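Student: This is entry03.cif (mmCIF, C-alpha atoms).
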data_model
#
loop_
_atom_site.label_atom_id
_atom_site.label_comp_id
_atom_site.auth_asym_id
_atom_site.auth_seq_id
_atom_site.Cartn_x
_atom_site.Cartn_y
_atom_site.Cartn_z
CA MET A 1 15.43 -16.83 -20.24
CA ASP A 2 18.31 -14.75 -21.42
CA GLN A 3 17.95 -11.39 -22.95
CA GLY A 4 20.06 -12.18 -26.00
CA THR A 5 17.69 -14.73 -27.47
CA ASP A 6 14.76 -12.50 -26.79
CA ARG A 7 16.44 -9.61 -28.51
CA HIS A 8 17.46 -11.47 -31.62
CA GLY A 9 14.93 -14.26 -31.62
CA THR A 10 12.34 -14.68 -34.29
CA LEU A 11 9.01 -13.04 -33.92
CA GLU A 12 7.46 -16.31 -32.80
CA GLU A 13 10.12 -16.72 -30.16
CA ARG A 14 9.56 -13.22 -28.91
CA GLU A 15 5.86 -13.91 -28.68
CA ARG A 16 6.48 -17.05 -26.68
CA ILE A 17 9.03 -15.51 -24.33
CA GLY A 18 7.77 -12.10 -23.42
CA GLY A 19 4.94 -11.18 -25.67
CA ARG A 20 1.49 -12.43 -24.94
CA GLY A 21 -0.02 -13.45 -21.67
CA ASP A 22 0.22 -17.14 -20.94
CA ALA A 23 -2.72 -19.45 -20.91
CA GLU A 24 -2.81 -20.04 -17.18
CA GLY A 25 -3.31 -16.38 -16.16
CA PRO A 26 -6.44 -14.32 -16.65
CA SER A 27 -7.47 -14.35 -20.26
CA TRP A 28 -6.16 -10.89 -21.01
CA SER A 29 -3.11 -10.68 -18.77
CA LEU A 30 -0.19 -8.65 -20.07
CA GLY A 31 3.25 -9.97 -20.88
CA ALA A 32 6.42 -7.93 -20.38
CA GLN A 33 6.45 -6.63 -23.97
CA ASP A 34 2.80 -5.68 -23.68
CA VAL A 35 3.43 -3.77 -20.45
CA ALA A 36 6.30 -1.91 -22.10
CA ARG A 37 4.37 -1.05 -25.26
CA VAL A 38 1.28 0.08 -23.37
CA ALA A 39 3.41 2.24 -21.05
CA VAL A 40 5.38 3.75 -23.95
CA PHE A 41 2.26 4.68 -25.89
CA ALA A 42 0.66 6.19 -22.80
CA ALA A 43 3.79 8.31 -22.43
CA LEU A 44 3.76 9.09 -26.16
CA VAL A 45 0.24 10.51 -25.96
CA ALA A 46 1.39 12.56 -22.98
CA VAL A 47 4.49 13.89 -24.77
CA LEU A 48 2.40 14.92 -27.77
CA GLY A 49 0.43 17.18 -25.43
CA LEU A 50 3.31 18.75 -23.50
CA PRO A 51 3.72 22.53 -23.62
CA GLY A 52 6.14 23.53 -26.31
CA SER A 53 4.81 20.87 -28.61
CA PHE A 54 2.72 21.68 -31.57
CA SER A 55 -0.13 24.03 -32.19
CA VAL A 56 -1.80 23.53 -35.52
CA LEU A 57 -4.13 26.51 -35.34
CA GLY A 58 -2.33 29.46 -33.82
CA ALA A 59 -2.67 29.94 -30.08
CA VAL A 60 -5.62 27.63 -29.44
CA PRO A 61 -4.12 24.65 -27.64
CA ILE A 62 -4.84 22.04 -30.26
CA THR A 63 -2.20 19.48 -29.58
CA ALA A 64 -1.37 16.28 -31.28
CA GLN A 65 -2.92 14.13 -28.58
CA THR A 66 -5.71 12.67 -30.69
CA PHE A 67 -2.97 11.90 -33.20
CA GLY A 68 -1.40 9.81 -30.44
CA VAL A 69 -4.75 8.13 -29.82
CA MET A 70 -5.05 7.14 -33.48
CA LEU A 71 -1.44 5.91 -33.52
CA ALA A 72 -1.92 3.83 -30.38
CA GLY A 73 -4.89 2.02 -31.87
CA ALA A 74 -3.28 1.54 -35.26
CA VAL A 75 0.05 0.24 -33.96
CA LEU A 76 -0.93 -1.65 -30.81
CA GLY A 77 -4.27 -2.99 -31.97
CA PRO A 78 -7.66 -2.56 -30.28
CA ARG A 79 -7.00 -4.11 -26.87
CA LEU A 80 -3.57 -2.73 -26.02
CA GLY A 81 -4.26 0.54 -27.82
CA ALA A 82 -7.32 1.22 -25.70
CA LEU A 83 -5.42 0.11 -22.60
CA SER A 84 -2.61 2.59 -23.25
CA ILE A 85 -5.19 5.39 -23.36
CA VAL A 86 -6.66 4.15 -20.07
CA VAL A 87 -3.18 4.29 -18.54
CA PHE A 88 -2.63 7.80 -19.90
CA LEU A 89 -5.95 8.96 -18.46
CA ALA A 90 -5.21 7.32 -15.11
CA LEU A 91 -1.92 9.24 -14.88
CA THR A 92 -3.79 12.42 -15.80
CA ALA A 93 -6.44 11.79 -13.16
CA ALA A 94 -3.67 11.21 -10.62
CA GLY A 95 -2.61 14.81 -11.08
CA LEU A 96 -0.05 15.00 -13.84
CA PRO A 97 -0.69 18.02 -16.09
CA LEU A 98 -0.59 15.98 -19.28
CA LEU A 99 -3.62 17.25 -21.17
CA ALA A 100 -3.46 20.01 -23.76
CA GLY A 101 -2.52 23.33 -22.21
CA GLY A 102 -1.05 21.75 -19.08
CA ARG A 103 -4.35 20.64 -17.61
CA GLY A 104 -4.78 17.53 -15.56
CA GLY A 105 -6.20 16.14 -12.38
CA LEU A 106 -9.68 14.93 -11.73
CA GLY A 107 -11.06 18.30 -12.80
CA ALA A 108 -10.56 17.44 -16.43
CA PHE A 109 -12.91 14.48 -15.98
CA VAL A 110 -15.85 16.57 -14.85
CA GLY A 111 -15.31 19.41 -17.32
CA PRO A 112 -16.85 19.75 -20.78
CA SER A 113 -14.06 17.73 -22.38
CA ALA A 114 -14.61 14.67 -20.17
CA GLY A 115 -16.57 12.80 -22.82
CA TYR A 116 -13.91 13.33 -25.44
CA MET A 117 -11.34 11.70 -23.20
CA LEU A 118 -13.56 8.70 -22.56
CA GLY A 119 -14.14 8.71 -26.31
CA TRP A 120 -10.38 8.36 -26.82
CA ILE A 121 -10.52 4.91 -25.23
CA LEU A 122 -13.27 3.71 -27.56
CA GLY A 123 -11.66 5.62 -30.43
CA ALA A 124 -8.30 3.86 -30.03
CA PHE A 125 -10.17 0.56 -29.79
CA ALA A 126 -12.10 1.26 -32.99
CA VAL A 127 -9.00 2.38 -34.89
CA GLY A 128 -7.19 -0.79 -33.85
CA LEU A 129 -10.16 -2.93 -34.76
CA ILE A 130 -10.36 -1.53 -38.28
CA VAL A 131 -6.61 -1.44 -38.98
CA HIS A 132 -6.11 -4.99 -37.67
CA ALA A 133 -9.39 -6.33 -39.03
CA SER A 134 -7.96 -8.50 -41.77
CA PRO A 135 -4.85 -10.65 -41.82
CA ARG A 136 -3.59 -8.70 -44.82
CA LYS A 137 -1.40 -5.64 -44.59
CA PRO A 138 -3.75 -2.67 -44.23
CA SER A 139 -3.93 -0.31 -47.17
CA ALA A 140 -3.64 3.44 -46.77
CA LEU A 141 -7.36 3.63 -47.44
CA ARG A 142 -8.13 1.33 -44.53
CA VAL A 143 -5.89 3.33 -42.20
CA ALA A 144 -7.57 6.55 -43.33
CA LEU A 145 -10.99 5.01 -42.78
CA ALA A 146 -9.93 3.82 -39.33
CA SER A 147 -8.59 7.27 -38.36
CA ILE A 148 -11.75 9.03 -39.49
CA LEU A 149 -14.26 6.54 -38.10
CA GLY A 150 -12.43 5.62 -34.90
CA GLY A 151 -10.27 8.68 -34.34
CA ILE A 152 -12.90 11.32 -35.11
CA LEU A 153 -16.43 9.94 -35.38
CA VAL A 154 -16.33 7.65 -32.33
CA ILE A 155 -14.64 10.31 -30.20
CA TYR A 156 -17.19 12.97 -31.16
CA ALA A 157 -20.04 10.50 -30.68
CA VAL A 158 -19.07 10.13 -27.03
CA GLY A 159 -17.71 13.63 -26.49
CA VAL A 160 -20.50 15.80 -27.85
CA PRO A 161 -23.37 14.35 -25.75
CA VAL A 162 -21.28 14.57 -22.57
CA GLN A 163 -20.27 18.14 -23.38
CA SER A 164 -23.92 18.97 -23.98
CA LEU A 165 -24.80 17.41 -20.63
CA VAL A 166 -22.06 19.26 -18.73
CA THR A 167 -22.59 22.69 -20.26
CA ARG A 168 -26.40 22.27 -20.56
CA LEU A 169 -26.21 23.50 -24.15
CA PRO A 170 -28.62 21.54 -26.39
CA LEU A 171 -27.12 18.66 -28.31
CA GLY A 172 -27.48 20.06 -31.82
CA GLN A 173 -25.85 23.33 -30.93
CA THR A 174 -23.02 21.59 -29.08
CA ALA A 175 -22.41 19.47 -32.15
CA LEU A 176 -22.36 22.62 -34.27
CA ALA A 177 -19.87 24.28 -31.91
CA SER A 178 -17.62 21.23 -31.89
CA LEU A 179 -17.20 21.48 -35.66
CA VAL A 180 -14.53 24.10 -34.90
CA PHE A 181 -12.17 21.26 -34.07
CA LEU A 182 -12.96 19.17 -37.13
CA PRO A 183 -10.34 20.67 -39.51
CA GLY A 184 -7.56 19.99 -37.00
CA ASP A 185 -8.78 16.44 -36.47
CA LEU A 186 -8.97 15.80 -40.20
CA LEU A 187 -5.36 16.99 -40.47
CA LYS A 188 -4.40 14.54 -37.74
CA ALA A 189 -6.23 11.70 -39.48
CA ALA A 190 -4.33 12.47 -42.69
CA LEU A 191 -1.08 12.54 -40.73
CA THR A 192 -1.89 9.21 -39.07
CA THR A 193 -2.53 7.67 -42.47
CA ALA A 194 0.79 8.92 -43.83
CA VAL A 195 2.80 7.89 -40.77
CA VAL A 196 1.23 4.45 -40.35
CA SER A 197 1.58 3.67 -44.06
CA THR A 198 5.26 4.59 -43.93
CA LEU A 199 5.72 2.63 -40.71
CA LEU A 200 4.18 -0.46 -42.33
CA ARG A 201 6.85 -0.33 -45.02
CA ALA A 202 9.83 1.03 -43.11
CA TYR A 203 9.49 -0.54 -39.66
CA PRO A 204 7.01 -3.43 -39.87
CA ARG A 205 8.32 -4.88 -36.60
CA ALA A 206 6.41 -2.11 -34.87
CA PHE A 207 3.18 -4.04 -35.28
CA ARG A 208 4.51 -7.28 -33.73
CA ARG A 209 2.56 -9.40 -36.15
CA THR A 210 3.05 -10.80 -39.61
CA TRP A 211 0.72 -9.70 -42.35
CA GLN A 212 -0.32 -11.93 -45.18
CA PRO A 213 0.94 -10.48 -48.44
CA ALA A 214 -1.58 -8.54 -50.44
CA ARG A 215 -3.79 -10.58 -52.76
CA ARG A 216 -2.03 -11.29 -56.03
CA PRO A 217 -3.82 -10.79 -59.32
CA SER A 218 -3.36 -14.52 -60.00
CA GLY A 219 -5.72 -15.35 -57.16
CA ARG A 220 -4.14 -17.50 -54.45
CA PRO A 221 -2.03 -15.57 -51.94
CA ALA A 222 1.54 -16.68 -51.51
CA ALA A 223 2.44 -18.89 -48.56
CA ALA A 224 2.56 -16.82 -45.44
CA HIS A 225 2.81 -17.02 -41.69
CA ALA A 226 -0.45 -17.67 -40.03
CA PRO A 227 -1.96 -14.54 -38.54
CA ARG A 228 -1.87 -14.26 -34.81
CA MET B 1 9.04 15.76 -12.82
CA LEU B 2 6.33 18.33 -13.29
CA THR B 3 3.16 17.78 -11.27
CA LEU B 4 0.18 19.82 -10.18
CA HIS B 5 0.96 19.09 -6.55
CA ARG B 6 1.89 21.95 -4.19
CA PRO B 7 3.21 20.80 -0.82
CA GLY B 8 1.57 22.20 2.29
CA SER B 9 0.00 21.30 5.62
CA GLY B 10 -3.54 22.69 5.45
CA PRO B 11 -6.71 20.67 6.13
CA TRP B 12 -6.95 19.55 2.50
CA HIS B 13 -3.37 18.28 2.62
CA ARG B 14 -4.03 16.29 5.80
CA LEU B 15 -7.16 14.54 4.54
CA PRO B 16 -6.43 10.98 3.27
CA ALA B 17 -6.53 10.68 -0.53
CA GLY B 18 -9.44 8.27 -0.75
CA ARG B 19 -11.74 10.22 1.57
CA LYS B 20 -10.75 13.48 -0.11
CA SER B 21 -11.67 12.16 -3.57
CA VAL B 22 -15.07 10.94 -2.37
CA LEU B 23 -15.77 14.24 -0.58
CA LEU B 24 -14.84 16.34 -3.61
CA MET B 25 -16.80 14.18 -6.02
CA MET B 26 -19.89 14.45 -3.80
CA LEU B 27 -19.46 18.22 -3.61
CA VAL B 28 -19.19 18.42 -7.40
CA LEU B 29 -22.22 16.19 -7.84
CA GLY B 30 -24.21 18.38 -5.47
CA LEU B 31 -23.31 21.55 -7.40
CA CYS B 32 -24.24 19.86 -10.68
CA LEU B 33 -27.73 19.11 -9.36
CA LEU B 34 -28.48 22.81 -8.80
CA PRO B 35 -30.77 24.35 -11.44
CA THR B 36 -29.40 26.83 -13.97
CA SER B 37 -30.03 30.21 -12.38
CA ARG B 38 -28.35 33.31 -11.01
CA THR B 39 -28.76 32.15 -7.39
CA SER B 40 -27.17 28.77 -7.97
CA ALA B 41 -24.29 30.49 -9.76
CA ALA B 42 -23.75 32.61 -6.65
CA ILE B 43 -24.01 29.56 -4.35
CA THR B 44 -21.56 27.64 -6.54
CA ALA B 45 -19.06 30.48 -6.61
CA ILE B 46 -19.25 30.91 -2.81
CA VAL B 47 -18.83 27.17 -2.10
CA CYS B 48 -15.89 26.99 -4.47
CA ALA B 49 -14.19 30.06 -3.01
CA ALA B 50 -14.78 28.76 0.52
CA CYS B 51 -13.09 25.46 -0.33
CA PHE B 52 -10.02 27.31 -1.56
CA ALA B 53 -9.92 29.95 1.19
CA VAL B 54 -8.39 27.63 3.79
CA PRO B 55 -4.81 27.58 5.05
CA GLY B 56 -2.44 25.80 2.70
CA VAL B 57 -4.34 26.59 -0.49
CA GLY B 58 -5.58 30.17 -0.83
CA LEU B 59 -7.63 32.12 -3.34
CA ARG B 60 -4.57 32.85 -5.47
CA GLU B 61 -4.48 29.13 -6.21
CA LEU B 62 -8.12 29.30 -7.35
CA LEU B 63 -7.17 32.01 -9.83
CA ARG B 64 -4.33 29.84 -11.11
CA GLN B 65 -6.73 26.90 -11.59
CA LEU B 66 -9.17 29.05 -13.53
CA CYS B 67 -6.33 30.45 -15.59
CA ALA B 68 -5.22 26.92 -16.50
CA ALA B 69 -8.75 26.12 -17.66
CA ARG B 70 -9.25 29.42 -19.51
CA TRP B 71 -9.59 27.83 -22.95
CA ILE B 72 -12.21 25.35 -21.84
CA LEU B 73 -14.08 28.11 -20.02
CA GLY B 74 -13.76 30.48 -22.96
CA VAL B 75 -15.14 27.98 -25.44
CA THR B 76 -17.96 27.06 -23.04
CA ALA B 77 -18.92 30.69 -22.42
CA ALA B 78 -18.78 31.57 -26.12
CA GLY B 79 -21.00 28.67 -27.13
CA GLN B 80 -23.49 29.46 -24.35
CA LEU B 81 -23.65 33.17 -25.17
CA LEU B 82 -24.18 32.36 -28.81
CA PHE B 83 -27.01 29.87 -28.33
CA LEU B 84 -28.53 30.60 -24.88
CA GLY B 85 -29.15 33.77 -22.88
CA PRO B 86 -26.59 35.62 -20.76
CA GLU B 87 -28.02 34.27 -17.47
CA GLU B 88 -27.71 30.64 -18.59
CA ALA B 89 -24.26 31.38 -19.98
CA LEU B 90 -23.16 32.86 -16.65
CA ALA B 91 -24.65 30.06 -14.52
CA ASN B 92 -23.35 27.21 -16.68
CA THR B 93 -19.88 28.67 -17.07
CA VAL B 94 -19.60 29.33 -13.34
CA ARG B 95 -20.70 25.76 -12.62
CA VAL B 96 -18.18 24.29 -15.04
CA ALA B 97 -15.41 26.52 -13.67
CA ALA B 98 -16.25 25.60 -10.07
CA THR B 99 -16.36 21.84 -10.66
CA VAL B 100 -13.08 21.90 -12.57
CA ALA B 101 -11.42 23.99 -9.86
CA LEU B 102 -12.79 21.84 -7.02
CA CYS B 103 -11.51 18.65 -8.58
CA GLY B 104 -8.23 20.46 -9.07
CA LEU B 105 -7.96 20.59 -5.28
CA LEU B 106 -7.30 16.85 -5.22
CA ALA B 107 -4.23 16.98 -7.42
CA LEU B 108 -3.14 20.23 -5.82
CA THR B 109 -2.99 18.82 -2.29
CA THR B 110 -2.06 15.17 -2.91
CA PRO B 111 1.25 13.87 -4.32
CA VAL B 112 0.98 11.74 -7.48
CA SER B 113 2.47 8.69 -5.75
CA THR B 114 -0.18 8.83 -3.01
CA LEU B 115 -2.94 9.12 -5.59
CA LEU B 116 -1.56 6.18 -7.58
CA GLU B 117 -1.49 4.11 -4.38
CA ALA B 118 -5.09 5.09 -3.66
CA LEU B 119 -5.96 4.15 -7.23
CA GLU B 120 -4.34 0.74 -6.79
CA ARG B 121 -6.34 0.21 -3.59
CA ALA B 122 -9.50 1.25 -5.39
CA LEU B 123 -8.76 -1.26 -8.14
CA ARG B 124 -8.32 -4.13 -5.71
CA PRO B 125 -11.95 -5.32 -5.90
CA LEU B 126 -11.30 -5.96 -9.60
CA ALA B 127 -9.48 -9.11 -8.52
CA LEU B 128 -12.98 -10.58 -8.33
CA LEU B 129 -13.18 -10.08 -12.09
CA ARG B 130 -9.86 -11.91 -12.47
CA LEU B 131 -8.03 -8.67 -13.14
CA ASP B 132 -4.59 -8.31 -11.64
CA HIS B 133 -4.35 -4.99 -9.80
CA ARG B 134 -0.62 -5.44 -9.23
CA ARG B 135 -0.07 -5.69 -12.97
CA ALA B 136 -2.17 -2.55 -13.38
CA ALA B 137 0.01 -0.77 -10.82
CA LEU B 138 3.13 -1.98 -12.66
CA VAL B 139 1.89 -0.54 -15.97
CA LEU B 140 1.14 2.80 -14.28
CA THR B 141 4.57 2.95 -12.65
CA VAL B 142 6.39 1.99 -15.84
CA ALA B 143 4.41 4.59 -17.80
CA LEU B 144 5.23 7.23 -15.16
CA SER B 145 8.95 6.56 -15.43
CA THR B 146 8.78 6.40 -19.23
CA LEU B 147 7.39 9.95 -19.47
CA PRO B 148 10.72 11.77 -18.99
CA VAL B 149 12.47 9.31 -21.31
CA LEU B 150 10.05 9.97 -24.16
CA ALA B 151 10.10 13.71 -23.47
CA GLY B 152 13.89 13.49 -23.87
CA LEU B 153 13.57 11.53 -27.12
CA ALA B 154 11.13 14.13 -28.46
CA ARG B 155 13.57 16.90 -27.61
CA GLN B 156 16.40 15.03 -29.37
CA VAL B 157 14.39 14.59 -32.55
CA ARG B 158 13.31 18.22 -32.54
CA GLU B 159 16.85 19.46 -31.96
CA ALA B 160 18.17 17.27 -34.74
CA GLN B 161 15.56 18.74 -37.06
CA ARG B 162 16.41 22.27 -36.06
CA ALA B 163 20.11 21.53 -36.65
CA ARG B 164 19.28 20.50 -40.19
CA GLY B 165 17.26 23.68 -40.66
CA GLY B 166 13.87 21.99 -40.55
CA GLY B 167 10.93 23.83 -39.08
CA HIS B 168 8.44 22.91 -36.39
CA SER B 169 6.61 20.35 -38.48
CA LEU B 170 4.66 17.59 -36.80
CA ARG B 171 4.75 15.60 -40.03
CA ARG B 172 8.55 15.37 -40.08
CA PHE B 173 8.74 14.89 -36.32
CA ALA B 174 6.22 12.06 -36.02
CA LEU B 175 7.92 9.17 -37.79
CA PRO B 176 11.42 9.32 -36.27
CA PHE B 177 9.92 9.94 -32.85
CA LEU B 178 7.56 7.00 -33.24
CA VAL B 179 10.34 4.64 -34.33
CA LEU B 180 12.57 5.75 -31.43
CA ALA B 181 9.67 5.26 -29.01
CA LEU B 182 8.96 1.77 -30.37
CA LYS B 183 12.62 0.82 -30.07
CA HIS B 184 12.58 2.05 -26.50
CA ALA B 185 9.48 -0.10 -25.91
CA ASP B 186 11.32 -3.18 -27.20
CA ALA B 187 14.29 -2.52 -24.92
CA LEU B 188 11.98 -1.81 -21.99
CA GLY B 189 10.08 -5.04 -22.59
CA ASP B 190 13.33 -6.99 -22.67
CA ALA B 191 14.45 -5.30 -19.46
CA LEU B 192 11.16 -6.17 -17.75
CA ALA B 193 11.37 -9.77 -18.96
CA ALA B 194 14.95 -10.00 -17.70
CA ARG B 195 13.71 -8.86 -14.29
CA GLY B 196 11.20 -11.65 -14.14
CA VAL B 197 8.03 -9.99 -15.43
CA ARG B 198 6.20 -12.54 -17.49
#
Show the structure stored in the file as structure tokens.

Tutor:
Amino acid sequence: MDQGTDRHGTLEERERIGGRGDAEGPSWSLGAQDVARVAVFAALVAVLGLPGSFSVLGAVPITAQTFGVMLAGAVLGPRLGALSIVVFLALTAAGLPLLAGGRGGLGAFVGPSAGYMLGWILGAFAVGLIVHASPRKPSALRVALASILGGILVIYAVGVPVQSLVTRLPLGQTALASLVFLPGDLLKAALTTAVVSTLLRAYPRAFRRTWQPARRPSGRPAAAHAPR
Amino acid sequence: MLTLHRPGSGPWHRLPAGRKSVLLMMLVLGLCLLPTSRTSAAITAIVCAACFAVPGVGLRELLRQLCAARWILGVTAAGQLLFLGPEEALANTVRVAATVALCGLLALTTPVSTLLEALERALRPLALLRLDHRRAALVLTVALSTLPVLAGLARQVREAQRARGGGHSLRRFALPFLVLALKHADALGDALAARGVR
């Protein structure tokens, strides 16, 4: 296969050449494009947490990492989005200081924030599931819903019980304490909605799939590529 | 490349990565089973300090670990003091600090490449589930080498914004950075395909 065709080929060609796993391998094997996209999003989540990046609320190290989690799910879809978070966490566990405030190593996975990081995996999956749920182009509302349900609710649902377990603070009070982070997360959900909506218009190739056009008032949708 | 690893030749450095992980995890599990009390806080603190007070690591390193985790510890202590008594707050915070620091020993005394190799070995039984551990190792390696590239892209975008007089806004940074990252992913995928990755 030569690189030129792959580069300029149609979407279908790209899919066939490097995109999805082939039928003979394990059912969810990764093609070259998948490997690259998973690796790049794992690195993206890491870069969003590097020192010198952004603090939304003063000195408290609230980084944009959950923003990266929401983006990974929304752009890559449930399976690859969740996988990219797994890769990010594996690199962190292997000792790279990639978490907010330069933390990393296995220690982060036994600390109070362990559950939140496991929640990221499910969160990215949920975001991807909602954004990619229908063959039509997702509306801003759907992206917002995905970011709030998947990117906040799912993550807290896993994170708060684990935090309560680790710190031995009762569940209700842990939940109350975790509300401190809610404003920042809502900001990130709003940001995800804005960015993904713009990306859908400005760089639709990012999603590596064709969307059916939105339903017309006349009823029948126009002819479109079949969804993947 | 920044890592948590500090080279050395102490006993922790000489222990093989797999055995060291198992040992540390068992130690952490043991400490977590202690009840919440002043005595267990003392035991935990002593065990933790003893693990650091060996040649090649040192107590100064323990302080650095705790310093790195200060936000987590601060939030934990504050929540505990607010809702539980001072004794529980002390015991629970000490336990959390000790477990985080002990697990930090692994990254501190083992190079990332060694840990990734150990991880690949640990994933090998997954072949029974028809998962390809070599593909998993490839994704990890590619992600590792993509980190500096994306960090460079992020710096470029931020510098371009500063040159135009823009501030430190995540909103304006996100979209160009995302598009650059996605374009890099396309090129990277092509490069992998050209090298025979299917």

Student: Pick out the residues sitting within 8 Å of region 73-81 of chain A, and hand them over as an MDAnalysis selection string; count all atoms listed in the file, and ignore anything fewer than 2 positions along from it in its own chain.

Tutor: chainID A and resid 34 37:38 41 69:71 83:85 123:129 131:132 143 196 206:207

Student: Could you tell me which residues the PyMOL selection byres ((chain A and resi 135) around 7) returns for this structure, as number ranges by chain?

Tutor: A: 133-134, 136-137, 211-212, 227

Student: Give me, as number ranges by chain, all polymer residues having an atom no more than 8 Å from region 131-137 of chain B, counting all atoms listed in the file and skipping those fewer than 6 positions away in the same chain.

Tutor: A: 26, 29-30; B: 116, 120, 123-124

Student: Kindly indicate which residue among A:Pro204, A:Gly68, A:Pro213, A:Gly95 lies nearest to Thr109 (chain B), using all atoms listed in the file for the distances.

Tutor: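 For Thr109 (chain B), the nearest of the candidates is A:Gly95.
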
Student: Residues of chain A within 6 Å of chain B, counting all atoms listed in the file - could you list those as a ChimeraX atom specification?

Tutor: /A:26,31-33,35-37,39-40,43,47,94-96,105-107,111,167

Student: Have a look at CA of Ala194 (chain A) and CA of Gly151 (chain A) and let me know their distance in Å, one decimal.

Tutor: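 About the pair CA of Ala194 (chain A) and CA of Gly151 (chain A): they are 14.6 Å apart.
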
Student: Quick check, in Å to one decimal: how far apart do CA of Arg19 (chain B) and CA of Ala93 (chain A) lie?

Tutor: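 Value for the CA of Arg19 (chain B)-CA of Ala93 (chain A) distance: 15.7 Å.
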
Student: Could you check how far CA of Ile148 (chain A) sits from CA of Trp120 (chain A), in Å to one decimal?

Tutor: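 Computing it gives 12.8 Å between the two atoms.
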
Student: So which one's closest to Leu171 (chain A), A:Phe88, A:Tyr156, A:Phe109, A:Tyr203? Using only C-alpha atoms, please.

Tutor: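 Result for the nearest residue to Leu171 (chain A): A:Tyr156.
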
Student: Around all the atoms of region 33-51 of chain B listed in the file, with 8 Å of room on each side, what axis-aligned box do you get, giving centre and edge lengths in Å to one decimal, as JSON?

Tutor:
{"center_x": -21.9, "center_y": 26.2, "center_z": -6.7, "size_x": 33.7, "size_y": 30.2, "size_z": 30.5}

Student: Find, counting only C-alpha atoms, the residue in A:Gly104, A:Gly159, A:Gly172, A:Pro183 that gets nearest to Met117 (chain A).

Tutor: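 Among the listed residues, the smallest separation from Met117 (chain A) belongs to A:Gly159.
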
Student: Give the answer as one residue: which of B:Leu27, B:Ala42, B:Leu15, B:Leu180 has the shortest atom-to-atom distance to Val157 (chain B), using all atoms listed in the file?

Tutor: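 With all atoms listed in the file as the atom set, the closest residue is B:Leu180.
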